[in-house]
Amino acid sequence: MADHSSASSYSELQEIRKLLWGPYVKEDVFRRWAQGFHFSKDEPTALVQSEGGPCAVLAPVQAFILKSLLSETVGNNWREVDVDKCNELLVQAACDILTQASEHNGGRYMVVHMSNDVRNPTSTNSVLANGEEPLVENSSTELIETSAKRQKLEHEHFHAQLRLLPLERIEEVEAFYFERIETLRETFGVLLLLYSVISTKGLEQIRSEMNDPTEPLIDGTYGYGSQSLINLMLTGRAVGHVWDHDQDVGGLKLRGIDRQSEVGFLALLEHLRYCEVGSFLKNPKHPVWVMGSETHLTVLFSLERRLVSPETPSEVARRVFKSFDPEGNNFISAVLLQDVLRALELVSEAEYVEIMTKKLDAENLGIILLNAFMEEFFPEEKQSTPDTFTLFHYNGLPRSCPDGRVVYQEGNAVLLECDMKCVLESNPMLTCLQTKWPNIEVQWLSGVTPSLN
């Protein structure tokens, strides 16, 4: 398990640095990202975020932690977990994310870690979670020590210590993290995992998937991760959009999500029509969704497996119909009916299509409405989703949580009979949930609606 040859390692790490931060790294943004994976003292499996920015890594890792936790037989005590189990869930989440990233490069793994000869530059107790040193008495030796610690949190020091370790199998990656759990838990854990994901995926592959490879993945002003970075962590692909498949917009090929994801994504901005979240992210394999507000990422999850049961034929039909309606008008041009029927493997001979077009577009407007199409071809199919279920919400920023305690907020959800949805600008949580369940109402047990910011 020898490290990568130093010359090629050095140039690769320089390229990763440029891809993430742009031509130069802003020290204050870098410091906000300098944190390990810490769990909440009030909720053993919930990660704590110290500063704004690194939620683009923390929220997807949290989502995969919950995916693993909820995949096991869930008893009433699923929230009571010891430290060893938390470490196991953390390593499992890291391995899940790396496995997705490795699919396009022949399945090799690259673990980025800090060099052995310098132990992780700061032990967790000498630097607080947010990268600030504890106050020290005014003695000269301790002041020197403090400025040394401050220097060790600078990006030059961090980048100088990085090493690449190529591994063939995910079991070796798992063993590495278990033996050196501090790689993830200490000061630079979040960045070391992120660098490992990028190196494992391969720079060329990432650039080919991004909309604009010259745009850094981390915003230089506010330190937010881009959608490409979020998608890379969630799905293993660094595409810039959240719709299903690639879309052709005015001759531009805009790349989206290519298959059902393990964990999902919901976006507050979807209701403003700034983006369209496709079925692959809205209906993931596990009932866990990262939720995006304008500035922050949180996680929504449920123990109710039926929320993610396989798509029914009518759900498939709705998704396929909408793929021919990129503007989201809920109708298509009548000339596309044959293509929709063919895509759904329904009868699509010309004579039949002509009869159906006359029936569905009786007024000869040249369009076919989604509702008319569904009533004709998929009448009376019951929704697979239960009417009532429990939801949990996670926000890793203590300042955004009641009493500053990072705990899962529990709510009882009801899907109402009516199709009318009320958009409350004052309730971003409900607005975001309605992008998936248009007629949802939630009563939060604490009496306070959790914050998406």
# chains A, B, ... in the order shown; residues from 1 in each chain; ligands from 1
$ residues_around --residues "segment 42-45 of chain A" --least-positions-apart "6" --cutoff "10 Å" --atoms "only C-alpha atoms" --output "VMD selection string"
chain A and resid 62 65 to 66 69 78 to 83 85 to 87 89 to 90 405 to 408
$ write_last_selection --atoms "C-alpha atoms" --output "short mmCIF file (atom, residue, chain, number, x, y, z; two decimals), in the first residue's frame"
data_model
loop_
_atom_site.label_atom_id
_atom_site.label_comp_id
_atom_site.auth_asym_id
_atom_site.auth_seq_id
_atom_site.Cartn_x
_atom_site.Cartn_y
_atom_site.Cartn_z
CA GLN A 62 -25.44 12.56 7.13
CA ILE A 65 -25.36 7.62 7.72
CA LEU A 66 -29.15 7.62 8.04
CA LEU A 69 -28.92 3.24 10.16
CA TRP A 78 -32.63 3.43 16.88
CA ARG A 79 -31.54 6.82 18.25
CA GLU A 80 -29.47 5.31 21.08
CA VAL A 81 -26.14 4.46 19.50
CA ASP A 82 -22.69 4.11 21.07
CA VAL A 83 -19.46 5.70 19.82
CA LYS A 85 -21.44 2.25 16.14
CA CYS A 86 -21.27 5.94 15.18
CA ASN A 87 -17.75 5.45 13.83
CA LEU A 89 -21.82 4.41 10.37
CA LEU A 90 -19.43 7.23 9.46
CA ARG A 405 -29.12 21.50 20.34
CA VAL A 406 -28.54 19.46 17.18
CA VAL A 407 -31.29 16.82 17.41
CA TYR A 408 -33.69 15.25 14.92
#
$ residues_around --residues "Ile218 of chain A" --least-positions-apart "3" --cutoff "7 Å" --atoms "only C-alpha atoms" --output "list in words"
Leu20, Trp21, Gly223, Tyr224, Gly225 and Ser226 of chain A
$ closest_residue --among "A:Val320, A:Leu165, A:Val308, A:Leu266" --to "Thr385 of chain A" --atoms "only C-alpha atoms"
A:Val308
$ residues_around --residues "Asp96 of chain A" --least-positions-apart "5" --cutoff "9 Å" --atoms "only C-alpha atoms" --output "NGL selection string"
:A and (64 or 91 or 101)
$ atom_distance --atom1 "atom CA of Gln161 of chain A" --atom2 "atom CA of Gly220 of chain A"
22.6 Å
$ select_by_dssp --residues "segment 55-285 of chain A" --states "strand (DSSP E or B)" --output "list in words"
Tyr109, Met110, Val111, Val112, His113, Met114, Leu162, Arg163, Leu164, Leu165, Pro166, Leu167, Ile218, Gly225, Asp244, Gln247, Asp248, Val249, Leu252, Lys253, Leu254, Ile257, Gly264, Phe265, Leu266 and Ala267 of chain A
$ residues_around --residues "Leu433 of chain A" --least-positions-apart "6" --cutoff "12 Å" --atoms "only C-alpha atoms" --output "mmCIF file with all heavy atoms, in the first residue's frame"
data_model
loop_
_atom_site.group_PDB
_atom_site.id
_atom_site.type_symbol
_atom_site.label_atom_id
_atom_site.label_comp_id
_atom_site.auth_asym_id
_atom_site.auth_seq_id
_atom_site.Cartn_x
_atom_site.Cartn_y
_atom_site.Cartn_z
ATOM 1 N N PHE A 265 -33.010 14.230 -3.095
ATOM 2 C CA PHE A 265 -32.750 15.667 -3.010
ATOM 3 C C PHE A 265 -34.043 16.409 -3.306
ATOM 4 O O PHE A 265 -34.778 16.067 -4.231
ATOM 5 C CB PHE A 265 -31.679 16.069 -4.027
ATOM 6 C CG PHE A 265 -31.292 17.534 -3.979
ATOM 7 C CD1 PHE A 265 -30.474 18.008 -2.957
ATOM 8 C CD2 PHE A 265 -31.740 18.434 -4.940
ATOM 9 C CE1 PHE A 265 -30.120 19.361 -2.899
ATOM 10 C CE2 PHE A 265 -31.391 19.778 -4.896
ATOM 11 C CZ PHE A 265 -30.573 20.236 -3.866
ATOM 12 N N LEU A 266 -34.349 17.413 -2.480
ATOM 13 C CA LEU A 266 -35.492 18.306 -2.708
ATOM 14 C C LEU A 266 -34.966 19.733 -2.645
ATOM 15 O O LEU A 266 -34.067 20.026 -1.858
ATOM 16 C CB LEU A 266 -36.571 18.111 -1.634
ATOM 17 C CG LEU A 266 -37.170 16.708 -1.483
ATOM 18 C CD1 LEU A 266 -38.093 16.654 -0.271
ATOM 19 C CD2 LEU A 266 -37.901 16.281 -2.744
ATOM 20 N N ALA A 267 -35.536 20.625 -3.459
ATOM 21 C CA ALA A 267 -35.007 21.997 -3.525
ATOM 22 C C ALA A 267 -36.117 23.012 -3.298
ATOM 23 O O ALA A 267 -37.142 22.983 -3.983
ATOM 24 C CB ALA A 267 -34.348 22.248 -4.879
ATOM 25 N N LEU A 268 -35.899 23.914 -2.373
ATOM 26 C CA LEU A 268 -36.845 25.001 -2.128
ATOM 27 C C LEU A 268 -37.040 25.833 -3.401
ATOM 28 O O LEU A 268 -38.141 26.283 -3.712
ATOM 29 C CB LEU A 268 -36.328 25.895 -0.988
ATOM 30 C CG LEU A 268 -37.180 27.111 -0.635
ATOM 31 C CD1 LEU A 268 -38.577 26.694 -0.183
ATOM 32 C CD2 LEU A 268 -36.506 27.942 0.440
ATOM 33 N N LEU A 269 -35.958 26.012 -4.166
ATOM 34 C CA LEU A 269 -36.023 26.875 -5.356
ATOM 35 C C LEU A 269 -36.877 26.281 -6.460
ATOM 36 O O LEU A 269 -37.206 26.959 -7.427
ATOM 37 C CB LEU A 269 -34.603 27.142 -5.888
ATOM 38 C CG LEU A 269 -33.718 28.004 -4.974
ATOM 39 C CD1 LEU A 269 -32.318 28.117 -5.542
ATOM 40 C CD2 LEU A 269 -34.327 29.386 -4.781
ATOM 41 N N GLU A 270 -37.256 24.993 -6.325
ATOM 42 C CA GLU A 270 -38.067 24.398 -7.387
ATOM 43 C C GLU A 270 -39.424 25.083 -7.489
ATOM 44 O O GLU A 270 -39.959 25.277 -8.573
ATOM 45 C CB GLU A 270 -38.258 22.888 -7.164
ATOM 46 C CG GLU A 270 -39.026 22.262 -8.320
ATOM 47 C CD GLU A 270 -39.082 20.747 -8.278
ATOM 48 O OE1 GLU A 270 -38.907 20.160 -7.194
ATOM 49 O OE2 GLU A 270 -39.318 20.154 -9.338
ATOM 50 N N HIS A 271 -39.992 25.489 -6.354
ATOM 51 C CA HIS A 271 -41.333 26.091 -6.440
ATOM 52 C C HIS A 271 -41.275 27.450 -7.114
ATOM 53 O O HIS A 271 -42.265 27.938 -7.648
ATOM 54 C CB HIS A 271 -42.003 26.135 -5.048
ATOM 55 C CG HIS A 271 -41.969 27.461 -4.387
ATOM 56 N ND1 HIS A 271 -43.066 28.290 -4.340
ATOM 57 C CD2 HIS A 271 -40.980 28.135 -3.756
ATOM 58 C CE1 HIS A 271 -42.747 29.405 -3.692
ATOM 59 N NE2 HIS A 271 -41.504 29.338 -3.331
ATOM 60 N N LYS A 282 -36.180 12.729 -6.501
ATOM 61 C CA LYS A 282 -37.359 12.855 -5.629
ATOM 62 C C LYS A 282 -37.784 11.507 -5.071
ATOM 63 O O LYS A 282 -38.361 11.420 -3.996
ATOM 64 C CB LYS A 282 -38.518 13.461 -6.419
ATOM 65 C CG LYS A 282 -38.538 14.966 -6.327
ATOM 66 C CD LYS A 282 -39.846 15.526 -6.800
ATOM 67 C CE LYS A 282 -39.710 17.029 -6.855
ATOM 68 N NZ LYS A 282 -40.465 17.601 -7.941
ATOM 69 N N TRP A 289 -33.792 12.360 2.197
ATOM 70 C CA TRP A 289 -33.631 13.425 1.197
ATOM 71 C C TRP A 289 -32.778 14.556 1.767
ATOM 72 O O TRP A 289 -33.053 15.051 2.860
ATOM 73 C CB TRP A 289 -34.984 14.026 0.803
ATOM 74 C CG TRP A 289 -35.913 13.089 0.107
ATOM 75 C CD1 TRP A 289 -36.093 12.939 -1.249
ATOM 76 C CD2 TRP A 289 -36.837 12.168 0.721
ATOM 77 N NE1 TRP A 289 -37.053 11.985 -1.491
ATOM 78 C CE2 TRP A 289 -37.525 11.495 -0.309
ATOM 79 C CE3 TRP A 289 -37.133 11.852 2.057
ATOM 80 C CZ2 TRP A 289 -38.498 10.513 -0.056
ATOM 81 C CZ3 TRP A 289 -38.093 10.876 2.316
ATOM 82 C CH2 TRP A 289 -38.765 10.221 1.263
ATOM 83 N N VAL A 290 -31.767 14.992 1.019
ATOM 84 C CA VAL A 290 -31.091 16.247 1.355
ATOM 85 C C VAL A 290 -32.001 17.366 0.859
ATOM 86 O O VAL A 290 -32.548 17.289 -0.243
ATOM 87 C CB VAL A 290 -29.702 16.310 0.684
ATOM 88 C CG1 VAL A 290 -29.103 17.719 0.786
ATOM 89 C CG2 VAL A 290 -28.759 15.294 1.335
ATOM 90 N N MET A 291 -32.204 18.401 1.705
ATOM 91 C CA MET A 291 -33.077 19.520 1.336
ATOM 92 C C MET A 291 -32.226 20.766 1.132
ATOM 93 O O MET A 291 -31.462 21.152 2.023
ATOM 94 C CB MET A 291 -34.103 19.796 2.452
ATOM 95 C CG MET A 291 -35.012 18.625 2.760
ATOM 96 S SD MET A 291 -36.196 19.036 4.086
ATOM 97 C CE MET A 291 -37.504 19.811 3.135
ATOM 98 N N GLY A 292 -32.378 21.390 -0.027
ATOM 99 C CA GLY A 292 -31.587 22.581 -0.319
ATOM 100 C C GLY A 292 -32.404 23.855 -0.196
ATOM 101 O O GLY A 292 -33.432 24.003 -0.848
ATOM 102 N N SER A 293 -31.956 24.781 0.676
ATOM 103 C CA SER A 293 -32.522 26.140 0.665
ATOM 104 C C SER A 293 -31.577 26.973 -0.207
ATOM 105 O O SER A 293 -30.711 26.429 -0.878
ATOM 106 C CB SER A 293 -32.590 26.709 2.088
ATOM 107 O OG SER A 293 -31.296 27.083 2.519
ATOM 108 N N VAL A 299 -31.336 17.687 6.136
ATOM 109 C CA VAL A 299 -31.743 16.337 5.717
ATOM 110 C C VAL A 299 -33.118 15.994 6.293
ATOM 111 O O VAL A 299 -33.385 16.236 7.471
ATOM 112 C CB VAL A 299 -30.715 15.265 6.166
ATOM 113 C CG1 VAL A 299 -31.136 13.865 5.683
ATOM 114 C CG2 VAL A 299 -29.314 15.587 5.630
ATOM 115 N N LEU A 300 -33.959 15.424 5.443
ATOM 116 C CA LEU A 300 -35.290 14.946 5.825
ATOM 117 C C LEU A 300 -35.280 13.424 5.706
ATOM 118 O O LEU A 300 -34.717 12.887 4.762
ATOM 119 C CB LEU A 300 -36.323 15.516 4.851
ATOM 120 C CG LEU A 300 -37.777 15.085 5.057
ATOM 121 C CD1 LEU A 300 -38.412 15.964 6.138
ATOM 122 C CD2 LEU A 300 -38.561 15.210 3.753
ATOM 123 N N PHE A 301 -35.897 12.726 6.674
ATOM 124 C CA PHE A 301 -35.932 11.261 6.543
ATOM 125 C C PHE A 301 -37.142 10.688 7.260
ATOM 126 O O PHE A 301 -37.813 11.370 8.041
ATOM 127 C CB PHE A 301 -34.638 10.622 7.053
ATOM 128 C CG PHE A 301 -34.360 10.799 8.522
ATOM 129 C CD1 PHE A 301 -34.625 9.769 9.433
ATOM 130 C CD2 PHE A 301 -33.800 11.979 9.016
ATOM 131 C CE1 PHE A 301 -34.346 9.927 10.796
ATOM 132 C CE2 PHE A 301 -33.524 12.138 10.365
ATOM 133 C CZ PHE A 301 -33.797 11.106 11.258
ATOM 134 N N LEU A 391 -42.177 12.093 9.873
ATOM 135 C CA LEU A 391 -40.960 12.628 9.248
ATOM 136 C C LEU A 391 -40.001 13.095 10.337
ATOM 137 O O LEU A 391 -40.431 13.477 11.431
ATOM 138 C CB LEU A 391 -41.296 13.826 8.354
ATOM 139 C CG LEU A 391 -42.017 13.550 7.033
ATOM 140 C CD1 LEU A 391 -42.372 14.885 6.367
ATOM 141 C CD2 LEU A 391 -41.138 12.717 6.096
ATOM 142 N N HIS A 393 -36.401 15.696 10.735
ATOM 143 C CA HIS A 393 -35.574 16.679 10.039
ATOM 144 C C HIS A 393 -34.294 16.923 10.824
ATOM 145 O O HIS A 393 -34.309 17.024 12.050
ATOM 146 C CB HIS A 393 -36.340 18.002 9.863
ATOM 147 C CG HIS A 393 -35.551 19.030 9.100
ATOM 148 N ND1 HIS A 393 -34.909 20.084 9.710
ATOM 149 C CD2 HIS A 393 -35.281 19.136 7.773
ATOM 150 C CE1 HIS A 393 -34.280 20.808 8.783
ATOM 151 N NE2 HIS A 393 -34.489 20.257 7.605
ATOM 152 N N ALA A 413 -46.901 13.810 9.443
ATOM 153 C CA ALA A 413 -47.322 14.298 8.130
ATOM 154 C C ALA A 413 -48.647 13.671 7.728
ATOM 155 O O ALA A 413 -48.901 12.503 8.007
ATOM 156 C CB ALA A 413 -46.259 13.971 7.087
ATOM 157 N N VAL A 414 -49.487 14.475 7.074
ATOM 158 C CA VAL A 414 -50.763 13.998 6.527
ATOM 159 C C VAL A 414 -50.834 14.462 5.078
ATOM 160 O O VAL A 414 -50.512 15.622 4.782
ATOM 161 C CB VAL A 414 -51.962 14.628 7.287
ATOM 162 C CG1 VAL A 414 -53.278 14.079 6.754
ATOM 163 C CG2 VAL A 414 -51.843 14.396 8.770
ATOM 164 N N LEU A 415 -51.218 13.554 4.167
ATOM 165 C CA LEU A 415 -51.485 13.950 2.781
ATOM 166 C C LEU A 415 -52.980 14.222 2.662
ATOM 167 O O LEU A 415 -53.801 13.319 2.808
ATOM 168 C CB LEU A 415 -51.039 12.850 1.814
ATOM 169 C CG LEU A 415 -49.549 12.486 1.859
ATOM 170 C CD1 LEU A 415 -49.203 11.478 0.781
ATOM 171 C CD2 LEU A 415 -48.657 13.722 1.722
ATOM 172 N N LYS A 421 -52.853 23.313 -3.262
ATOM 173 C CA LYS A 421 -51.798 23.501 -2.261
ATOM 174 C C LYS A 421 -51.687 24.985 -1.944
ATOM 175 O O LYS A 421 -51.820 25.828 -2.820
ATOM 176 C CB LYS A 421 -50.459 22.942 -2.750
ATOM 177 C CG LYS A 421 -49.822 23.653 -3.913
ATOM 178 C CD LYS A 421 -48.440 23.069 -4.141
ATOM 179 C CE LYS A 421 -47.756 23.748 -5.327
ATOM 180 N NZ LYS A 421 -46.476 23.132 -5.620
ATOM 181 N N CYS A 422 -51.492 25.287 -0.666
ATOM 182 C CA CYS A 422 -51.341 26.687 -0.306
ATOM 183 C C CYS A 422 -49.855 26.953 -0.137
ATOM 184 O O CYS A 422 -49.169 26.253 0.595
ATOM 185 C CB CYS A 422 -52.087 26.977 0.984
ATOM 186 S SG CYS A 422 -51.557 25.923 2.327
ATOM 187 N N VAL A 423 -49.356 27.929 -0.867
ATOM 188 C CA VAL A 423 -47.932 28.261 -0.751
ATOM 189 C C VAL A 423 -47.799 29.376 0.276
ATOM 190 O O VAL A 423 -48.339 30.467 0.109
ATOM 191 C CB VAL A 423 -47.358 28.701 -2.107
ATOM 192 C CG1 VAL A 423 -45.946 29.223 -1.934
ATOM 193 C CG2 VAL A 423 -47.372 27.540 -3.083
ATOM 194 N N LEU A 424 -47.124 29.056 1.364
ATOM 195 C CA LEU A 424 -46.882 30.063 2.400
ATOM 196 C C LEU A 424 -45.431 30.505 2.284
ATOM 197 O O LEU A 424 -44.527 29.735 2.594
ATOM 198 C CB LEU A 424 -47.116 29.450 3.787
ATOM 199 C CG LEU A 424 -48.559 29.058 4.135
ATOM 200 C CD1 LEU A 424 -48.578 28.231 5.406
ATOM 201 C CD2 LEU A 424 -49.411 30.299 4.305
ATOM 202 N N ASN A 427 -43.299 29.902 5.214
ATOM 203 C CA ASN A 427 -42.981 28.552 5.678
ATOM 204 C C ASN A 427 -42.178 27.795 4.614
ATOM 205 O O ASN A 427 -42.708 26.955 3.887
ATOM 206 C CB ASN A 427 -44.288 27.803 6.005
ATOM 207 C CG ASN A 427 -44.020 26.482 6.712
ATOM 208 O OD1 ASN A 427 -42.923 25.937 6.658
ATOM 209 N ND2 ASN A 427 -45.027 25.951 7.373
ATOM 210 N N ASN A 439 -49.870 18.055 -1.516
ATOM 211 C CA ASN A 439 -50.956 18.299 -0.555
ATOM 212 C C ASN A 439 -50.594 17.868 0.858
ATOM 213 O O ASN A 439 -51.412 17.359 1.599
ATOM 214 C CB ASN A 439 -52.223 17.564 -1.028
ATOM 215 C CG ASN A 439 -51.911 16.130 -1.457
ATOM 216 O OD1 ASN A 439 -50.747 15.747 -1.551
ATOM 217 N ND2 ASN A 439 -52.928 15.330 -1.706
ATOM 218 N N ILE A 440 -49.329 18.103 1.246
ATOM 219 C CA ILE A 440 -48.863 17.662 2.577
ATOM 220 C C ILE A 440 -49.116 18.730 3.639
ATOM 221 O O ILE A 440 -49.080 19.927 3.353
ATOM 222 C CB ILE A 440 -47.354 17.296 2.538
ATOM 223 C CG1 ILE A 440 -46.945 16.522 3.792
ATOM 224 C CG2 ILE A 440 -46.494 18.545 2.357
ATOM 225 C CD1 ILE A 440 -45.535 15.925 3.722
ATOM 226 N N GLU A 441 -49.412 18.273 4.843
ATOM 227 C CA GLU A 441 -49.435 19.123 6.041
ATOM 228 C C GLU A 441 -48.592 18.419 7.095
ATOM 229 O O GLU A 441 -48.644 17.189 7.193
ATOM 230 C CB GLU A 441 -50.866 19.254 6.584
ATOM 231 C CG GLU A 441 -51.715 20.300 5.889
ATOM 232 C CD GLU A 441 -51.272 21.722 6.168
ATOM 233 O OE1 GLU A 441 -50.646 21.938 7.221
ATOM 234 O OE2 GLU A 441 -51.532 22.602 5.333
ATOM 235 N N VAL A 442 -47.801 19.169 7.873
ATOM 236 C CA VAL A 442 -46.980 18.543 8.919
ATOM 237 C C VAL A 442 -47.179 19.251 10.249
ATOM 238 O O VAL A 442 -47.122 20.481 10.314
ATOM 239 C CB VAL A 442 -45.465 18.571 8.566
ATOM 240 C CG1 VAL A 442 -44.668 17.748 9.578
ATOM 241 C CG2 VAL A 442 -45.208 18.041 7.169
ATOM 242 N N LEU A 452 -34.746 25.554 7.462
ATOM 243 C CA LEU A 452 -33.948 25.017 6.349
ATOM 244 C C LEU A 452 -32.624 25.761 6.237
ATOM 245 O O LEU A 452 -31.747 25.347 5.497
ATOM 246 C CB LEU A 452 -34.708 25.175 5.026
ATOM 247 C CG LEU A 452 -35.981 24.347 4.815
ATOM 248 C CD1 LEU A 452 -36.530 24.579 3.413
ATOM 249 C CD2 LEU A 452 -35.715 22.874 5.032
#
$ residues_around --residues "segment 334-346 of chain A" --least-positions-apart "4" --cutoff "7 Å" --atoms "only C-alpha atoms" --output "PyMOL selection string"
chain A and resi 317+320-321+353+357+366-368
$ closest_residue --among "A:Leu303, A:Phe188, A:Ser323, A:Asn395" --to "Gln247 of chain A" --atoms "only C-alpha atoms"
A:Ser323
$ atom_distance --atom1 "atom CA of Trp243 of chain A" --atom2 "atom CA of Leu307 of chain A"
19.9 Å
